[in-house]
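Colleague: For reference, the file work.tsv (TSV, C-alpha atoms) is included below:
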```tsv
chain	number	residue	atom	x	y	z
A	1	MET	CA	-1.92	-69.68	84.90
A	2	ASP	CA	1.67	-70.10	83.79
A	3	ASP	CA	4.14	-67.99	85.78
A	4	ARG	CA	6.70	-68.36	82.97
A	5	LEU	CA	4.49	-66.04	80.91
A	6	GLY	CA	4.70	-63.38	83.62
A	7	LEU	CA	1.04	-63.82	84.48
A	8	VAL	CA	-0.40	-63.00	87.86
A	9	THR	CA	-0.27	-65.84	90.34
A	10	GLN	CA	-3.24	-67.58	91.89
A	11	SER	CA	-2.57	-66.05	95.31
A	12	ALA	CA	-2.66	-62.52	93.84
A	13	LEU	CA	-6.19	-62.81	92.46
A	14	PRO	CA	-8.02	-65.64	94.24
A	15	ARG	CA	-11.55	-64.40	93.36
A	16	GLN	CA	-10.67	-64.19	89.68
A	17	TYR	CA	-9.37	-67.74	89.75
A	18	GLU	CA	-12.58	-68.91	91.35
A	19	GLU	CA	-14.53	-67.12	88.60
A	20	ALA	CA	-12.28	-68.59	85.92
A	21	ASP	CA	-12.74	-72.05	87.39
A	22	LEU	CA	-16.50	-71.50	87.42
A	23	LEU	CA	-16.42	-70.42	83.76
A	24	LYS	CA	-14.42	-73.54	82.86
A	25	ARG	CA	-16.86	-75.81	84.67
A	26	MET	CA	-19.82	-74.05	83.04
A	27	ALA	CA	-18.26	-74.44	79.62
A	28	LYS	CA	-17.75	-78.15	80.16
A	29	THR	CA	-21.17	-78.71	81.72
A	30	PHE	CA	-23.30	-76.66	79.36
A	31	SER	CA	-21.12	-76.76	76.24
A	32	ALA	CA	-21.27	-72.98	76.14
A	33	PRO	CA	-20.23	-71.53	72.79
A	34	ARG	CA	-16.77	-70.06	72.79
A	35	SER	CA	-18.19	-66.62	71.97
A	36	VAL	CA	-20.20	-66.64	75.23
A	37	LEU	CA	-17.07	-67.41	77.22
A	38	THR	CA	-15.09	-64.77	75.35
A	39	ILE	CA	-17.71	-62.12	76.13
A	40	ALA	CA	-17.81	-63.16	79.80
A	41	LEU	CA	-14.02	-63.04	80.05
A	42	ARG	CA	-13.88	-59.67	78.32
A	43	ASP	CA	-16.47	-58.29	80.76
A	44	VAL	CA	-14.48	-59.54	83.76
A	45	ILE	CA	-11.28	-57.98	82.40
A	46	VAL	CA	-12.98	-54.63	81.71
A	47	GLU	CA	-14.47	-54.57	85.23
A	48	GLU	CA	-11.09	-55.32	86.80
A	49	ILE	CA	-9.40	-52.60	84.75
A	50	GLU	CA	-12.09	-50.08	85.72
A	51	ARG	CA	-11.68	-51.02	89.40
A	52	GLY	CA	-7.92	-50.56	89.08
A	53	VAL	CA	-7.19	-54.19	89.97
A	54	TRP	CA	-5.63	-54.96	86.60
A	55	GLY	CA	-3.02	-52.82	84.97
A	56	THR	CA	-1.59	-52.65	81.47
A	57	ALA	CA	0.86	-55.48	82.13
A	58	ASP	CA	-1.98	-57.82	83.16
A	59	VAL	CA	-3.91	-57.05	79.99
A	60	GLU	CA	-0.79	-57.52	77.87
A	61	ASN	CA	-0.25	-60.93	79.48
A	62	VAL	CA	-3.81	-62.00	78.71
A	63	LEU	CA	-3.41	-60.86	75.11
A	64	ARG	CA	-0.06	-62.66	74.86
A	65	LEU	CA	-1.69	-65.82	76.16
A	66	ASP	CA	-4.51	-65.43	73.63
A	67	GLY	CA	-1.86	-65.07	70.92
A	68	VAL	CA	-0.27	-68.32	72.08
A	69	VAL	CA	-3.63	-70.10	71.95
A	70	GLN	CA	-4.42	-68.75	68.48
A	71	SER	CA	-0.94	-69.64	67.26
A	72	ARG	CA	-1.27	-73.20	68.52
A	73	ARG	CA	-4.60	-73.52	66.72
A	74	LEU	CA	-3.06	-72.24	63.50
A	75	MET	CA	-0.03	-74.50	63.97
A	76	SER	CA	-2.28	-77.54	64.19
A	77	GLU	CA	-3.76	-76.53	60.83
A	78	VAL	CA	-0.40	-75.68	59.24
A	79	GLY	CA	1.08	-79.05	60.12
A	80	GLU	CA	4.71	-80.01	60.10
A	81	THR	CA	7.31	-77.25	59.94
A	82	PHE	CA	11.05	-77.03	59.41
A	83	THR	CA	13.64	-75.02	61.32
A	84	SER	CA	16.05	-72.77	59.42
A	85	SER	CA	18.70	-75.48	59.65
A	86	GLN	CA	16.36	-78.09	58.20
A	87	VAL	CA	15.43	-75.79	55.31
A	88	ALA	CA	19.12	-75.08	54.66
A	89	SER	CA	19.85	-78.80	54.54
A	90	ARG	CA	16.88	-79.51	52.26
A	91	MET	CA	17.82	-76.74	49.83
A	92	GLY	CA	21.56	-77.31	50.02
A	93	VAL	CA	22.32	-73.75	51.19
A	94	SER	CA	23.52	-72.03	54.38
A	95	ARG	CA	21.22	-70.86	57.18
A	96	GLN	CA	22.18	-67.31	56.23
A	97	ALA	CA	20.93	-67.94	52.69
A	98	VAL	CA	17.66	-69.24	54.12
A	99	ASN	CA	17.31	-66.08	56.23
A	100	GLU	CA	18.01	-63.88	53.19
A	101	ALA	CA	15.44	-65.80	51.12
A	102	LYS	CA	12.90	-65.23	53.89
A	103	LYS	CA	13.69	-61.50	53.96
A	104	ARG	CA	13.28	-61.34	50.15
A	105	GLY	CA	9.90	-63.04	50.42
A	106	ALA	CA	11.04	-66.22	48.71
A	107	LEU	CA	10.27	-68.46	51.72
A	108	LEU	CA	7.18	-68.51	53.92
A	109	ALA	CA	8.23	-68.26	57.57
A	110	PHE	CA	6.68	-67.33	60.88
A	111	VAL	CA	7.63	-67.12	64.54
A	112	LEU	CA	5.36	-68.37	67.30
A	113	PRO	CA	4.75	-66.20	70.34
A	114	LEU	CA	7.18	-67.32	73.00
A	115	GLY	CA	8.91	-69.39	70.33
A	116	ARG	CA	12.46	-69.08	69.19
A	117	GLY	CA	13.47	-69.04	65.58
A	118	ASP	CA	11.57	-69.10	62.35
A	119	ARG	CA	9.30	-71.99	61.36
A	120	TYR	CA	8.83	-72.93	57.70
A	121	PRO	CA	5.75	-74.95	56.63
A	122	VAL	CA	6.90	-78.18	55.00
A	123	TRP	CA	4.14	-78.05	52.35
A	124	GLN	CA	5.59	-74.94	50.72
A	125	PHE	CA	8.27	-77.16	49.18
A	126	GLU	CA	8.12	-79.33	46.09
A	127	GLY	CA	11.30	-81.33	46.42
A	128	GLU	CA	14.08	-78.81	47.00
A	129	GLN	CA	12.15	-75.93	45.45
A	130	VAL	CA	9.56	-73.59	46.92
A	131	ARG	CA	6.17	-73.65	45.20
A	132	PRO	CA	6.05	-70.61	42.87
A	133	TRP	CA	2.80	-69.21	44.27
A	134	ILE	CA	4.30	-68.86	47.75
A	135	ARG	CA	6.39	-65.86	46.69
A	136	GLN	CA	3.37	-64.25	45.02
A	137	LEU	CA	1.27	-64.58	48.18
A	138	ILE	CA	4.06	-63.14	50.33
A	139	GLU	CA	4.39	-60.16	47.98
A	140	LEU	CA	0.64	-59.53	48.11
A	141	LEU	CA	-0.13	-60.22	51.76
A	142	GLY	CA	3.12	-60.15	53.74
A	143	ASN	CA	5.14	-63.03	55.14
A	144	GLY	CA	4.06	-65.21	58.04
A	145	PHE	CA	0.64	-65.20	59.63
A	146	PRO	CA	-1.06	-63.04	56.95
A	147	VAL	CA	-0.34	-65.70	54.30
A	148	LEU	CA	-1.14	-68.57	56.65
A	149	SER	CA	-4.45	-67.02	57.69
A	150	PHE	CA	-5.36	-66.39	54.05
A	151	LEU	CA	-4.57	-69.98	53.06
A	152	MET	CA	-6.21	-71.64	56.07
A	153	ALA	CA	-9.54	-69.76	56.04
A	154	SER	CA	-12.55	-71.76	54.84
A	155	ARG	CA	-14.23	-69.96	51.95
A	156	ALA	CA	-17.82	-70.04	50.76
A	157	SER	CA	-16.59	-69.54	47.19
A	158	LEU	CA	-14.72	-72.86	47.51
A	159	ASP	CA	-17.64	-74.79	49.04
A	160	ASN	CA	-16.14	-74.23	52.51
A	161	HIS	CA	-12.73	-75.52	51.49
A	162	ARG	CA	-9.50	-73.61	51.97
A	163	TYR	CA	-7.12	-72.28	49.34
A	164	TRP	CA	-4.47	-74.38	51.05
A	165	ASP	CA	-6.45	-77.56	50.30
A	166	ARG	CA	-6.86	-76.60	46.66
A	167	ALA	CA	-3.51	-74.95	45.97
A	168	LEU	CA	-1.48	-78.00	46.93
A	169	SER	CA	-3.12	-79.83	44.02
A	170	GLY	CA	-1.17	-77.53	41.72
A	171	GLU	CA	-4.15	-76.92	39.43
A	172	PRO	CA	-3.32	-73.75	37.45
A	173	LEU	CA	-6.90	-72.41	37.53
A	174	VAL	CA	-7.07	-72.77	41.32
A	175	ILE	CA	-3.72	-71.02	41.71
A	176	GLU	CA	-4.85	-68.22	39.39
A	177	GLN	CA	-8.09	-67.72	41.38
A	178	MET	CA	-6.18	-67.79	44.66
A	179	ILE	CA	-3.71	-65.12	43.50
A	180	ALA	CA	-6.58	-62.94	42.23
A	181	GLN	CA	-8.29	-63.21	45.64
A	182	ALA	CA	-5.01	-62.40	47.40
A	183	LYS	CA	-4.68	-59.27	45.25
A	184	ARG	CA	-8.16	-58.18	46.32
A	185	ALA	CA	-7.37	-58.98	49.95
A	186	GLY	CA	-4.05	-57.15	49.74
A	187	ASP	CA	-5.72	-54.08	48.25
A	188	ALA	CA	-8.36	-54.12	50.99
A	189	ALA	CA	-5.70	-54.30	53.68
A	190	VAL	CA	-3.88	-51.16	52.57
```
Before we go any further, please render this structure as structure tokens.
Modeller:
Amino acid sequence: MDDRLGLVTQSALPRQYEEADLLKRMAKTFSAPRSVLTIALRDVIVEEIERGVWGTADVENVLRLDGVVQSRRLMSEVGETFTSSQVASRMGVSRQAVNEAKKRGALLAFVLPLGRGDRYPVWQFEGEQVRPWIRQLIELLGNGFPVLSFLMASRASLDNHRYWDRALSGEPLVIEQMIAQAKRAGDAAV
């Protein structure tokens, strides 16, 4: 595990590392579904907490690491992103203006765990302008990962496509359906 994340070192928990190595080898050998490995890992963590071997900090580190993994997965789906400086340059404004636009919900931005600074998906722009439906989604769902998760989820109603795939086409009917779904999702989240 990565000591930069504040995680326990291999010498502190040798048996757990042996078990983790065994789980990794099993996953590779038997192509175990991720859910099986998640359940096994959860059970090991619960046992160690109950035995008093793991404390709150250990659990927080595992959750932080899981957040990093999930963020990397989402980042691979989101694609290229801009920094605040790159957005400022593209839009012809200051970095402070970019930050204010983000706070107003006019720009989609997110921060990765262990990352520094906001990231702005490139696809939210049409030339120097932000696609109009971005602001609507932010108002309905909240900025950052809530909008990204909504856009990147495969949907049965779209024949297992994502709103992101369809919305970038700019088709008004698709945008209208997407906003209606976001309203329902936003209402359910309250």
Colleague: Would you be able to write out as a VMD selection string which residues have an atom within 6 Å of (6.0, -63.7, 62.6) in the file's coordinates, counting only C-alpha atoms?
Modeller: chain A and resid 110 to 111 144
Colleague: For Arg90 (chain A), which residue among A:Glu128, A:Gly105, A:Pro146, A:Arg119 is the nearest when counting only C-alpha atoms?
Modeller: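 Among the listed residues, the smallest separation from Arg90 (chain A) belongs to A:Glu128.
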Colleague: Which residues are close to region 132-134 of chain A, i.e. within 8 Å by all atoms listed in the file, leaving aside same-chain residues fewer than 2 positions away? Reply as a list in words.
Modeller: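 Once the nearby chain positions are removed, what remains is Ala106, Leu107, Leu108, Gln124, Val130, Gln136, Leu137, Ile138, Ile175 and Ile179 of chain A.
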Colleague: Next, dump the selected residues to file, keeping only C-alpha atoms, as a CSV table (one decimal), keeping the file's coordinate frame.
Modeller:
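Contents of selection-v7.csv, freshly written:
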```
chain,number,residue,atom,x,y,z
A,106,ALA,CA,11.0,-66.2,48.7
A,107,LEU,CA,10.3,-68.5,51.7
A,108,LEU,CA,7.2,-68.5,53.9
A,124,GLN,CA,5.6,-74.9,50.7
A,130,VAL,CA,9.6,-73.6,46.9
A,136,GLN,CA,3.4,-64.2,45.0
A,137,LEU,CA,1.3,-64.6,48.2
A,138,ILE,CA,4.1,-63.1,50.3
A,175,ILE,CA,-3.7,-71.0,41.7
A,179,ILE,CA,-3.7,-65.1,43.5
```
Colleague: List the neighbours of Trp164 (chain A) out to 6 Å using all atoms listed in the file; skip same-chain residues closer than 3 positions along the sequence, and give me the result as a list in words.
Modeller: Leu151, Met152 and Ala167 of chain A
Colleague: Might you pull out every residue within 10 Å of Phe82 (chain A), with all atoms listed in the file counted and same-chain residues fewer than 6 positions away left off, and present them as JSON, numbers by chain?
Modeller: {"A": [88, 90, 109, 118, 119, 120, 121, 122, 123]}
Colleague: Given 4 Å on each side, where is the centre and what are the edge lengths in Å to one decimal of the axis-aligned box enclosing the listed atoms of region 166-181 of chain A, as AutoDock Vina command-line options?
Modeller:
```
--center_x -4.7 --center_y -71.4 --center_z 42.2 --size_x 15.1 --size_y 24.9 --size_z 17.5
```
Colleague: Quick one, how far is CA of Leu140 (chain A) from CA of Ala185 (chain A)?
Modeller: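 Those two atoms sit 8.2 Å apart.
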Colleague: Give me, please, the distance in Å between CA of Lys183 (chain A) and CA of Tyr163 (chain A), quoted to one decimal.
Modeller: 13.9 Å
Colleague: For Gly170 (chain A), which residue out of A:Ala182, A:Val147, A:Gly142, A:Arg131 is the nearest one, using all atoms listed in the file?
Modeller: A:Arg131
Colleague: Ranking A:Ala97, A:Ala180, A:Val53, A:Val87 by minimum distance to Leu141 (chain A) and counting only C-alpha atoms, which one comes first?
Modeller: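 When distances to Leu141 (chain A) are compared using only C-alpha atoms, the smallest one comes from A:Ala180.
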Colleague: Could you tell me how far CA of Pro172 (chain A) sits from CA of Glu126 (chain A), in Å to one decimal place?
Modeller: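 CA of Glu126 (chain A) sits 15.4 Å away from CA of Pro172 (chain A).
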Colleague: Would you mind telling me which residue in A:Phe125, A:Phe150, A:Gly117, A:Trp54 lies nearest to Ser84 (chain A) when using all atoms listed in the file?
Modeller: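 Ranked by minimum distance to Ser84 (chain A), first place goes to A:Gly117.
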Colleague: Pick out the closest residue to Arg166 (chain A) from this set: A:Glu80, A:Ala153, A:Ala101, A:Arg51. Count all atoms listed in the file.
Modeller: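 Comparing A:Glu80, A:Ala153, A:Ala101, A:Arg51 against Arg166 (chain A), the winner is A:Ala153.
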Colleague: Any chance you could build region 164-178 of chain A out to N, CA and C atoms and write it as an mmCIF file, keeping the file's coordinate frame?
Modeller:
```cif
data_model
loop_
_atom_site.group_PDB
_atom_site.id
_atom_site.type_symbol
_atom_site.label_atom_id
_atom_site.label_comp_id
_atom_site.auth_asym_id
_atom_site.auth_seq_id
_atom_site.Cartn_x
_atom_site.Cartn_y
_atom_site.Cartn_z
ATOM 1 N N TRP A 164 -5.556 -73.445 50.768
ATOM 2 C CA TRP A 164 -4.470 -74.380 51.050
ATOM 3 C C TRP A 164 -4.806 -75.762 50.525
ATOM 4 N N ASP A 165 -6.038 -76.230 50.780
ATOM 5 C CA ASP A 165 -6.450 -77.560 50.300
ATOM 6 C C ASP A 165 -6.358 -77.649 48.781
ATOM 7 N N ARG A 166 -6.787 -76.593 48.130
ATOM 8 C CA ARG A 166 -6.860 -76.600 46.660
ATOM 9 C C ARG A 166 -5.514 -76.300 46.007
ATOM 10 N N ALA A 167 -4.757 -75.385 46.595
ATOM 11 C CA ALA A 167 -3.510 -74.950 45.970
ATOM 12 C C ALA A 167 -2.469 -76.059 45.923
ATOM 13 N N LEU A 168 -2.474 -76.928 46.916
ATOM 14 C CA LEU A 168 -1.480 -78.000 46.930
ATOM 15 C C LEU A 168 -1.687 -78.989 45.792
ATOM 16 N N SER A 169 -2.873 -78.965 45.180
ATOM 17 C CA SER A 169 -3.120 -79.830 44.020
ATOM 18 C C SER A 169 -2.318 -79.363 42.810
ATOM 19 N N GLY A 170 -1.945 -78.078 42.820
ATOM 20 C CA GLY A 170 -1.170 -77.530 41.720
ATOM 21 C C GLY A 170 -1.979 -77.179 40.489
ATOM 22 N N GLU A 171 -3.308 -77.253 40.576
ATOM 23 C CA GLU A 171 -4.150 -76.920 39.430
ATOM 24 C C GLU A 171 -3.984 -75.443 39.074
ATOM 25 N N PRO A 172 -3.582 -75.147 37.835
ATOM 26 C CA PRO A 172 -3.320 -73.750 37.450
ATOM 27 C C PRO A 172 -4.512 -72.815 37.653
ATOM 28 N N LEU A 173 -5.728 -73.264 37.361
ATOM 29 C CA LEU A 173 -6.900 -72.410 37.530
ATOM 30 C C LEU A 173 -7.114 -72.055 39.001
ATOM 31 N N VAL A 174 -6.931 -73.013 39.883
ATOM 32 C CA VAL A 174 -7.070 -72.770 41.320
ATOM 33 C C VAL A 174 -6.027 -71.760 41.790
ATOM 34 N N ILE A 175 -4.804 -71.933 41.330
ATOM 35 C CA ILE A 175 -3.720 -71.020 41.710
ATOM 36 C C ILE A 175 -4.037 -69.610 41.210
ATOM 37 N N GLU A 176 -4.511 -69.515 39.990
ATOM 38 C CA GLU A 176 -4.850 -68.220 39.390
ATOM 39 C C GLU A 176 -5.957 -67.530 40.209
ATOM 40 N N GLN A 177 -6.997 -68.278 40.573
ATOM 41 C CA GLN A 177 -8.090 -67.720 41.380
ATOM 42 C C GLN A 177 -7.591 -67.295 42.757
ATOM 43 N N MET A 178 -6.723 -68.092 43.337
ATOM 44 C CA MET A 178 -6.180 -67.790 44.660
ATOM 45 C C MET A 178 -5.371 -66.486 44.619
#
```
